[in-house]
Structure formats: structure tokens, C-alpha cells
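Only one structure is covered here, and it is reproduced in the block below.
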Amino acid sequence: MSEVRELKEGLPSRARYHGVLNASHRAFLRAIGLSDAAIDRPLGCVVVSWSEAGPCNFHTLGLVGHVKAGMEAAGVTGLAVPTLVVNDNISMGTEGMRYSLVSRDLIADTIEAQVQAHAFDGLVGIGGCDKTQPGIMMAMVRLNLPSVYVYGGSAEPGYLGDRKLTIEDVYESIGAYVSGKISEEELMEIERHAHPTVGTCAGLFTANTMASLSEALGIALLGSSTPVATSSRRAMYCYLSGKALGHLIETGIKARDVVTYDALYNATVLLMAMGGSTNGILHLLAIAHEAGVSFTLRDIDEISRKVPYIVSMRPAGQYVMADLDAVGGVPLVLRKLLERGYLRGEALTVTGKTLAESLREYRFVDIPHDHVVKDPANPIKPTGGIRILWGSLAPEGAVLKVAATGIERFEGRARPFDDEDSAFEAIRRNEIQPGDVVVIRYVGPKGAPGMPEMLRVTAAIVGAGLGDSVAMVTDGRFSGATRGMMVGHVAPEAAAGGPIAVVEEGDRVLIDAREGRIELLVDRAELERRMKGWKPRPPRARTGLLAKYAALVQSASKGAVTSPGPSG
């Protein structure tokens with residue numbers, strides 16, 4: 001590490017902890033047991049999103065030691081700091097879900113505060129549940145220090161007889177139960193078997209989507225996203241990530257050198273090819289914002305129209321993260337996409353090598369994999385798993401996970417609701433019928449506030465046997481476990497005066513995935529009349545964190561980032 005010693009003059013820790021006038025700062029490092037040699041080395045931060053409030057990040061604290069050991073081997077002194085976790089599944093369908101997306105930006109803020117306040121030279125972030133991952137990545141590019149991301153891993157799938165289960169099955173079984181299709185005993189059996197270990201949800205929901213995208217972004221080591229949380233390879237990847245940070249400090253490679261337009265392009269290609277969570281769109285836009293990169297819904301839409309959907313993973317397909325890991329993981333998907341010219345292979349990664357170089361050096365095992373990962377020349381669908389929609393109902397855009405539905409065009413009767421609970425109750429009372437378009441509004445970033453996920457409603461629709469005959473449109477979000485004709489992120493949102501605010505009972509709504517359109521089929525003059533008569537509602541939150549968030553949050557079309565200035 002002679003090069004690191006030579007570079008120390010330019011490191012943040014050098015200015016904070018070296019020299020006679022920093023004696024008081026060093027005294028506090030000595031108080032926690034650091035030696036002269038440890039203080040003399042570069043100072044690395046291990047940011048761990050840890051919590052016992054759910055399985056996703058229950059185990060991540062135990063991974064810190066492996067990261068620190070890797071840092072030590074690379075000549076870096078590692079210290080761990082925490083950041084918070086909001087478990088999406090435990091808060092789903094409750095007031096707690098309003099804090100989910102809020103926590104993403106709060107996580108980035110807490111990391112910024114701790115890293116800047118303590119003059120760390122670089123960081124390794126350990127994430128798990130949905131918002132911990134983009135929150136950590138946002139902080140990395142905001143701080144622009146040498147940075148490596150490492151995932152805590154997904155749970156093993158559950159089994160009930162020969163039926164493979166994920167948490168998605170529990171939500172849809174609730175819908176089946178309230179519709180009288182299964183008994184309480186059957187629901188309880190599914191509940192008991194669905195999520196058998198620590199780790200995040202097993203399917204390609206938001207957590208596994210963001211973990212996969214971290215490899216395509218180049219901010220994580222190849223192969224690190226797919227081993228399950230219980231795998232010993234988790235410890236290995238944590239150790240190697242710690243070592244990688246030492247190399248980045250040596251070479252001076254920082255987060256914004258890695259997370260460029262090309263990296264965001266590659267991550268979007270992977271998102272489309274895998275049919276990942278629509279939340280991936282929101283988070284990539286937010287990461288781009290923090291990185292200072294111009295990357296918009298228009299860029300995402302262009303990519304989605306030319307990248308084939310090739311990976312069969314739940315909820316759209318059959319398989320879970322452990323199955324993808326068994327056949328080659330995310331590197332297998334990236335290699336196929338690179339070989340067919342879909343990726344920008346010159347993008348830099350945290351190894352200091354390009355993505356193309358890293359894939360050439362990656363050790364692949366040649367085993368059958370076509371059941372999970374198709375060749376791009378023979379895809380599941382010829383275009384990406386997510387489509388961006390525009391039209392009179394969403395002038396700033398909306399998102400639809402086409403991978404999770406076989407329907408390309410839907411026209412139906414609007415059934416507007418101003419909150420999630422009202423919509424769920426209507427489904428429970430069998431008031432939603434085939435041909436309906438359930439419209440849930442005032443649940444966007446400002447309106448909720450916090451843009452909650454609507455999994456309880458979407459799962460109830462599917463569980464009630466209406467997944468192929470009822471559509472849904474909302475200015476809120478969806479879980480990665482959502483499937484069906486479900487359109488989210490409608491912008492502008494209702495609370496900002498978007499057209500979704502003036503949808504009336506019985507209006508005709510058109511959703512066209514092929515053309516990328518979402519239209520409120522009312523006369524233009526009538527729509528203008530309604531818009532002129534619309535008045536903003538009093539804010540739902542007047543004090544506390546949610547009120548602060550509502551005052552700062554931007555449109556979903558901009559990633560729902562919190563930023564000073566006009567929102568919308």
C-alpha cells in the first residue's frame with residue numbers, strides 16, 4: 001500500500017487526524033482502540049443498514065467484520081456506522097408505508113452526515129431491504145468518494161409440498177381468502193412457509209432488482225448480488241468488497257467515475273432485460289440526479305423499446321434469485337447482453353476495469369440455463385419488461401411493467417378512489433368488476449405523502465381472479481411483486497394538480513402498452529373545464545418528517561428526490 005501512503009496528503013482523513021493540532025481528534029480514535037499504525041492508514045467507512053425489524057437486514061451487522069477484514073488486508077482501517085431500515089412488507093398497506101420511500105432519501109442524508117462529519121476516505125455500503133440500496137448508492141455518488149456497494153442477499157424460497165413460494169404468494173392468498181377462494185387454514189399454511197430464512201424477498205422484486213442493477217452500474221462486484229443471504233459466499237463478497245475499496249483509494253477512482261451516463265444506460269438495459277421492479281425506474285432517476293447526470297424517462301423509454309426481455313423470474317416468470325444464481329447470476333445476463341451489443345462495455349467498474357474487461361475475466365460455469373435466462377435472439381418478449389407511458393392522463397409520464405402482464409391494450413371504466421383503503425374495501429365487497437380501471441390518487445410523493453406501494457390492492461385484484469380483466473392506475477408506486485395491468489408513477493400527481501385528480505366515475509381510460517399511451521378519453525374542452533375547477537387539498541401531514549418530505553419532494557418523473565426549490 002505504498003501508493004496509498006503517498007496519496008494520503010489528499011485524503012480527507014489526513015486533514016482531520018494528522019498533525020499536532022489534530023491531537024484531540026486522534027484521542028477519540030485511540031479511545032476506541034486504534035493504534036498509531038491504524039490511525040496512519042486511510043480511513044474506510046462500512047455503512048450497514050441493519051435492523052431486527054424484519055428479515056431483510058436482520059443479518060447484515062454480521063457481515064461488517066468481513067468487510068473490515070478485507071479493508072485491513074488492503075491497508076485501510078475500517079470503522080462501521082449504521083443507517084436506518086424501513087421494512088416495506090411489514091409496513092405494506094398501512095400508514096407505515098408512507099415512510100418507505102421517505103427512508104430512501106433519509107438514508108442518503110444520514111450517510112452523508114456521518115461520512116462528512118468523520119472525514120472518511122471511502123465507503124463500503126451493505127444494503128438489504130428495498131430503499132436501503134438506492135439510498136446507499138445515492139449517498140455514494142453525492143459524496144463522490146471511492147465507494148463499493150455489497151448486497152446482504154435474498155432469502156431462500158419457501159416450499160409447501162412441491163410448490164415454490166415467495167411473499168407474493170401470501171399477498172395474493174389474502175386476496176383469494178377475502179374473495180372466498182381459499183380457507184383461513186390454507187392461507188395460514190402459505191404464511192408459515194413463504195419466507196423461511198433471513199434475507200430479502202426471494203423473487204425479482206425491488207430489493208433483488210436494485211441488487212442486480214448495482215452490478216450493471218459497476219458499483220458492486222460482478223456476481224455479488226445473487227447468492228442468498230444464508231450462503232457463505234456472502235462473507236466472501238463482503239471481504240472482496242472491502243479489499244476493492246483499498247484499490248479504489250489507491251487509484252483515486254470515485255463513485256462518479258463509475259456511475260456515469262453509460263453506467264445508468266447499462267443498468268436500465270439490465271432492468272428491461274430482467275423485467276425488474278418498476279421502482280428501479282424511480283431509483284435510477286434519483287441516482288442520476290445525485291450523480292449530476294442528465295438521465296430521464298425519455299432515455300429509459302428509448303432503451304425499453306429496443307432491449308428484449310430475457311429472464312424468467314417471479315413475479316413475471318417462474319424463478320427466484322437462488323435459481324438465477326445457480327445458472328450464472330447477473331454476470332450471465334450481462335454477458336449475453338454485451339455479446340449482442342446492448343451494453344456499453346467501456347463503462348468503468350469498481351474493479352478499475354471496464355465492464356467488458358470484467359466480464360471477460362469472470363469465471364463462468366457452462367451449465368444449462370435457458371429455462372431461466374434466454375438468448376436475446378430468442379427472448380420471452382422482444383422489448384423491455386417495463387414501458388413508459390405518456391398521454392392525457394400522464395403528461396409527465398407513467399410506468400407499466402409489461403413483463404408482468406400478457407395484456408397489451410386495455411380500455412375500461414374508471415373507478416376513482418382517493419386512498420388505498422377505499423379501493424381495497426371495494427374489492428373486498430366485490431364491487432370491482434371485469435372491465436373496471438381502478439384509479440387510486442392522492443397517494444403520490446406529495447399527496448400521500450411518501451408515494452406508498454399498492455401491493456395490498458394489486459394482490460387483492462389478482463387474488464380475486466380479476467388480474468386479466470381489471471386494470472389499475474395510480475400516482476403511487478407498486479411493489480416489485482405486483483403483476484397485472486398496473487400503471488404507476490402517474491405524473492403530475494393528483495396533489496400537484498395532475499389530470500388524474502379530475503378522473504370521474506365511469507370515464508373511459510385507455511392503456512396501450514405497444515404505443516406507450518395512457519389516455520383519459522374525455523373531450524379536451526371537458527378536461528380543461530375540470531382542470532380549471534380543481535383546487536388543491538390541505539396537506540395530509542402538517543408536522544414531522546412527512547411534512548418536511550412533502551415540502552421538498554419532486555415529481556416521480558424526476559425520481560421523487562428531495563431537493564430545495566419548487567416541487568412538481
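Chain lettering (A, B, ...) mirrors the order of the C-alpha cells, residue numbering begins at 1 for each chain separately, and ligand numbering begins at 1 in order of display.
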Polymer residues at most 12 Å from Val178 (chain A), only C-alpha atoms, same-chain spacing of 2 or more positions, as a ChimeraX atom specification: /A:171-176,180-184,187,424-430,456-457,459-465
Test item: residues at most 7 Å from Gly75 (chain A), only C-alpha atoms, excluding those fewer than 3 positions along its chain, as an MDAnalysis selection string: chainID A and resid 1 41 71:72 246
Store the residues picked out above, limited to C-alpha atoms, as a PDB file, in the first residue's frame.
```
ATOM      1  CA  MET A   1       0.000   0.000   0.000  1.00  0.00           C
ATOM      2  CA  ARG A  41      -3.768   4.280   7.362  1.00  0.00           C
ATOM      3  CA  MET A  71     -10.156  -3.366   4.175  1.00  0.00           C
ATOM      4  CA  GLU A  72      -7.430  -4.383   6.622  1.00  0.00           C
ATOM      5  CA  GLY A 246      -8.426  -0.156  -0.881  1.00  0.00           C
TER       6      GLY A 246
END
```
Per DSSP on the backbone, filter region 299-373 of chain A down to the residues in alpha helix (DSSP H) and report them as a CSV table (one decimal) with N, CA and C atoms, in the first residue's frame.
```
chain,number,residue,atom,x,y,z
A,299,ASP,N,-34.9,8.8,-21.9
A,299,ASP,CA,-33.8,7.8,-22.1
A,299,ASP,C,-34.3,6.4,-21.8
A,300,ILE,N,-35.0,6.3,-20.7
A,300,ILE,CA,-35.4,5.0,-20.3
A,300,ILE,C,-36.4,4.4,-21.3
A,301,ASP,N,-37.3,5.2,-21.8
A,301,ASP,CA,-38.3,4.7,-22.8
A,301,ASP,C,-37.6,4.3,-24.0
A,302,GLU,N,-36.6,5.0,-24.5
A,302,GLU,CA,-35.9,4.6,-25.7
A,302,GLU,C,-35.2,3.3,-25.5
A,303,ILE,N,-34.6,3.0,-24.3
A,303,ILE,CA,-33.9,1.8,-24.1
A,303,ILE,C,-35.0,0.6,-24.0
A,304,SER,N,-36.1,0.9,-23.4
A,304,SER,CA,-37.1,-0.2,-23.2
A,304,SER,C,-37.6,-0.7,-24.5
A,321,MET,N,-34.3,-15.6,-7.1
A,321,MET,CA,-32.9,-15.2,-7.2
A,321,MET,C,-31.9,-16.4,-7.0
A,322,ALA,N,-32.3,-17.4,-6.2
A,322,ALA,CA,-31.4,-18.5,-6.0
A,322,ALA,C,-31.3,-19.3,-7.3
A,323,ASP,N,-32.4,-19.4,-8.1
A,323,ASP,CA,-32.3,-20.1,-9.3
A,323,ASP,C,-31.4,-19.4,-10.3
A,324,LEU,N,-31.5,-18.0,-10.4
A,324,LEU,CA,-30.6,-17.3,-11.2
A,324,LEU,C,-29.1,-17.5,-10.8
A,325,ASP,N,-28.9,-17.5,-9.5
A,325,ASP,CA,-27.5,-17.7,-9.0
A,325,ASP,C,-27.0,-19.0,-9.5
A,326,ALA,N,-27.8,-20.0,-9.5
A,326,ALA,CA,-27.4,-21.4,-9.8
A,326,ALA,C,-26.9,-21.5,-11.2
A,327,VAL,N,-27.4,-20.7,-12.1
A,327,VAL,CA,-27.1,-20.8,-13.6
A,327,VAL,C,-26.0,-19.8,-14.0
A,329,GLY,N,-26.0,-16.3,-12.4
A,329,GLY,CA,-26.2,-15.0,-11.9
A,329,GLY,C,-26.3,-13.8,-12.9
A,330,VAL,N,-26.2,-12.6,-12.3
A,330,VAL,CA,-26.3,-11.4,-13.2
A,330,VAL,C,-25.2,-11.4,-14.2
A,331,PRO,N,-24.0,-11.8,-13.9
A,331,PRO,CA,-23.0,-11.8,-15.0
A,331,PRO,C,-23.4,-12.6,-16.2
A,332,LEU,N,-24.1,-13.7,-16.1
A,332,LEU,CA,-24.6,-14.4,-17.3
A,332,LEU,C,-25.5,-13.5,-18.1
A,333,VAL,N,-26.4,-12.8,-17.5
A,333,VAL,CA,-27.3,-12.0,-18.2
A,333,VAL,C,-26.5,-10.8,-18.9
A,334,LEU,N,-25.6,-10.2,-18.2
A,334,LEU,CA,-24.8,-9.1,-18.7
A,334,LEU,C,-23.9,-9.6,-19.9
A,335,ARG,N,-23.4,-10.8,-19.8
A,335,ARG,CA,-22.6,-11.3,-20.9
A,335,ARG,C,-23.4,-11.5,-22.2
A,336,LYS,N,-24.6,-12.0,-22.0
A,336,LYS,CA,-25.4,-12.2,-23.2
A,336,LYS,C,-25.8,-10.9,-23.8
A,337,LEU,N,-26.1,-9.9,-23.0
A,337,LEU,CA,-26.5,-8.6,-23.5
A,337,LEU,C,-25.3,-7.9,-24.1
A,338,LEU,N,-24.1,-8.1,-23.6
A,338,LEU,CA,-22.9,-7.5,-24.1
A,338,LEU,C,-22.6,-8.1,-25.5
A,339,GLU,N,-22.7,-9.4,-25.6
A,339,GLU,CA,-22.4,-10.1,-26.8
A,339,GLU,C,-23.3,-9.7,-28.0
A,355,LEU,N,-16.5,-2.7,-17.8
A,355,LEU,CA,-17.5,-3.8,-17.6
A,355,LEU,C,-17.1,-5.0,-18.6
A,356,ALA,N,-16.7,-4.6,-19.8
A,356,ALA,CA,-16.4,-5.7,-20.8
A,356,ALA,C,-15.2,-6.5,-20.3
A,357,GLU,N,-14.2,-5.8,-19.8
A,357,GLU,CA,-13.0,-6.5,-19.3
A,357,GLU,C,-13.3,-7.4,-18.1
A,358,SER,N,-14.2,-6.9,-17.2
A,358,SER,CA,-14.5,-7.6,-16.0
A,358,SER,C,-15.3,-8.9,-16.4
A,359,LEU,N,-16.2,-8.8,-17.4
A,359,LEU,CA,-17.0,-9.9,-17.9
A,359,LEU,C,-16.1,-10.9,-18.6
A,360,ARG,N,-15.1,-10.5,-19.3
A,360,ARG,CA,-14.1,-11.4,-20.0
A,360,ARG,C,-13.4,-12.2,-18.9
A,361,GLU,N,-13.1,-11.6,-17.8
A,361,GLU,CA,-12.3,-12.3,-16.8
A,361,GLU,C,-13.1,-13.1,-15.8
```
Hey, which bits of region 99-180 of chain A sit within 10 Å of region 542-549 of chain A, and for each residue what's the closest pair of atoms and how far apart in Å (one decimal), counting only C-alpha atoms, rows by chain and increasing number, as JSON lines?
```
{"residue": "A:Tyr99", "atom": "CA", "partner": "A:Leu546", "partner_atom": "CA", "distance": 7.5}
{"residue": "A:Leu101", "atom": "CA", "partner": "A:Tyr549", "partner_atom": "CA", "distance": 9.9}
{"residue": "A:Val102", "atom": "CA", "partner": "A:Tyr549", "partner_atom": "CA", "distance": 6.9}
{"residue": "A:Ser103", "atom": "CA", "partner": "A:Leu545", "partner_atom": "CA", "distance": 9.9}
{"residue": "A:Asp105", "atom": "CA", "partner": "A:Tyr549", "partner_atom": "CA", "distance": 9.2}
{"residue": "A:Leu106", "atom": "CA", "partner": "A:Tyr549", "partner_atom": "CA", "distance": 9.4}
```
File dump, residues just selected, all heavy atoms, as an mmCIF file, in the first residue's frame:
```cif
data_model
loop_
_atom_site.group_PDB
_atom_site.id
_atom_site.type_symbol
_atom_site.label_atom_id
_atom_site.label_comp_id
_atom_site.auth_asym_id
_atom_site.auth_seq_id
_atom_site.Cartn_x
_atom_site.Cartn_y
_atom_site.Cartn_z
ATOM 1 N N TYR A 99 -43.671 5.916 4.990
ATOM 2 C CA TYR A 99 -42.286 6.191 5.358
ATOM 3 C C TYR A 99 -41.273 5.437 4.491
ATOM 4 O O TYR A 99 -40.066 5.658 4.623
ATOM 5 C CB TYR A 99 -42.052 5.855 6.828
ATOM 6 C CG TYR A 99 -42.738 6.818 7.764
ATOM 7 C CD1 TYR A 99 -44.045 6.586 8.189
ATOM 8 C CD2 TYR A 99 -42.099 7.966 8.205
ATOM 9 C CE1 TYR A 99 -44.693 7.473 9.035
ATOM 10 C CE2 TYR A 99 -42.737 8.864 9.049
ATOM 11 C CZ TYR A 99 -44.033 8.616 9.459
ATOM 12 O OH TYR A 99 -44.669 9.508 10.287
ATOM 13 N N LEU A 101 -40.556 5.214 0.962
ATOM 14 C CA LEU A 101 -39.754 5.997 0.021
ATOM 15 C C LEU A 101 -39.055 7.154 0.722
ATOM 16 O O LEU A 101 -37.931 7.518 0.367
ATOM 17 C CB LEU A 101 -40.629 6.517 -1.120
ATOM 18 C CG LEU A 101 -39.879 7.216 -2.262
ATOM 19 C CD1 LEU A 101 -38.865 6.295 -2.919
ATOM 20 C CD2 LEU A 101 -40.864 7.750 -3.302
ATOM 21 N N VAL A 102 -39.714 7.707 1.734
ATOM 22 C CA VAL A 102 -39.088 8.776 2.529
ATOM 23 C C VAL A 102 -37.752 8.286 3.084
ATOM 24 O O VAL A 102 -36.756 9.022 3.115
ATOM 25 C CB VAL A 102 -40.024 9.207 3.673
ATOM 26 C CG1 VAL A 102 -39.344 10.210 4.593
ATOM 27 C CG2 VAL A 102 -41.319 9.804 3.112
ATOM 28 N N SER A 103 -37.709 7.028 3.511
ATOM 29 C CA SER A 103 -36.492 6.491 4.132
ATOM 30 C C SER A 103 -35.329 6.445 3.154
ATOM 31 O O SER A 103 -34.166 6.549 3.568
ATOM 32 C CB SER A 103 -36.749 5.100 4.713
ATOM 33 O OG SER A 103 -36.823 4.104 3.702
ATOM 34 N N ASP A 105 -34.321 8.687 0.892
ATOM 35 C CA ASP A 105 -33.587 9.939 0.920
ATOM 36 C C ASP A 105 -33.024 10.224 2.306
ATOM 37 O O ASP A 105 -31.960 10.836 2.440
ATOM 38 C CB ASP A 105 -34.498 11.068 0.442
ATOM 39 C CG ASP A 105 -34.827 10.943 -1.034
ATOM 40 O OD1 ASP A 105 -35.413 9.912 -1.434
ATOM 41 O OD2 ASP A 105 -34.484 11.840 -1.813
ATOM 42 N N LEU A 106 -33.729 9.759 3.330
ATOM 43 C CA LEU A 106 -33.230 9.922 4.689
ATOM 44 C C LEU A 106 -31.967 9.089 4.903
ATOM 45 O O LEU A 106 -31.023 9.527 5.583
ATOM 46 C CB LEU A 106 -34.323 9.523 5.680
ATOM 47 C CG LEU A 106 -34.109 9.874 7.152
ATOM 48 C CD1 LEU A 106 -33.862 11.360 7.333
ATOM 49 C CD2 LEU A 106 -35.320 9.431 7.970
#
```
Using only C-alpha atoms, find each residue in region 191-218 of chain A having at least one atom no more than 6 Å away from region 260-267 of chain A; report its shortest atom-to-atom pair and that distance in Å (one decimal), rows by chain then rising number, as a Markdown table.
```
| residue | atom | partner | partner_atom | distance |
| --- | --- | --- | --- | --- |
| A:Leu213 | CA | A:Ala267 | CA | 5.2 |
| A:Ala216 | CA | A:Ala267 | CA | 4.8 |
| A:Leu217 | CA | A:Ala263 | CA | 4.7 |
```
Residue among A:Val473, A:Ile432, A:Leu271, A:Met486 lying closest to Gly385 (chain A), counting only C-alpha atoms: A:Leu271
Gly128 (chain A) surroundings by only C-alpha atoms, 6 Å radius, close-in-sequence under 4 positions cut, as number ranges by chain: A: 56-57, 152
Just the selected residues (N, CA and C atoms), exported as a short mmCIF file (atom, residue, chain, number, x, y, z; two decimals), in the first residue's frame, please.
```
data_model
loop_
_atom_site.label_atom_id
_atom_site.label_comp_id
_atom_site.auth_asym_id
_atom_site.auth_seq_id
_atom_site.Cartn_x
_atom_site.Cartn_y
_atom_site.Cartn_z
N CYS A 56 -34.98 -8.81 6.23
CA CYS A 56 -34.17 -8.33 5.11
C CYS A 56 -32.79 -7.85 5.55
N ASN A 57 -32.73 -7.18 6.69
CA ASN A 57 -31.47 -6.62 7.20
C ASN A 57 -31.14 -7.15 8.59
N GLY A 152 -26.84 -7.64 1.00
CA GLY A 152 -26.95 -8.61 2.08
C GLY A 152 -27.53 -9.94 1.65
#
```
Among the residues A:Gly480, A:Gly275, A:Gly345, A:Pro445, the one that comes closest to Ile380 (chain A) [using only C-alpha atoms]: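 Among the listed residues, A:Gly275 lies closest to Ile380 (chain A).
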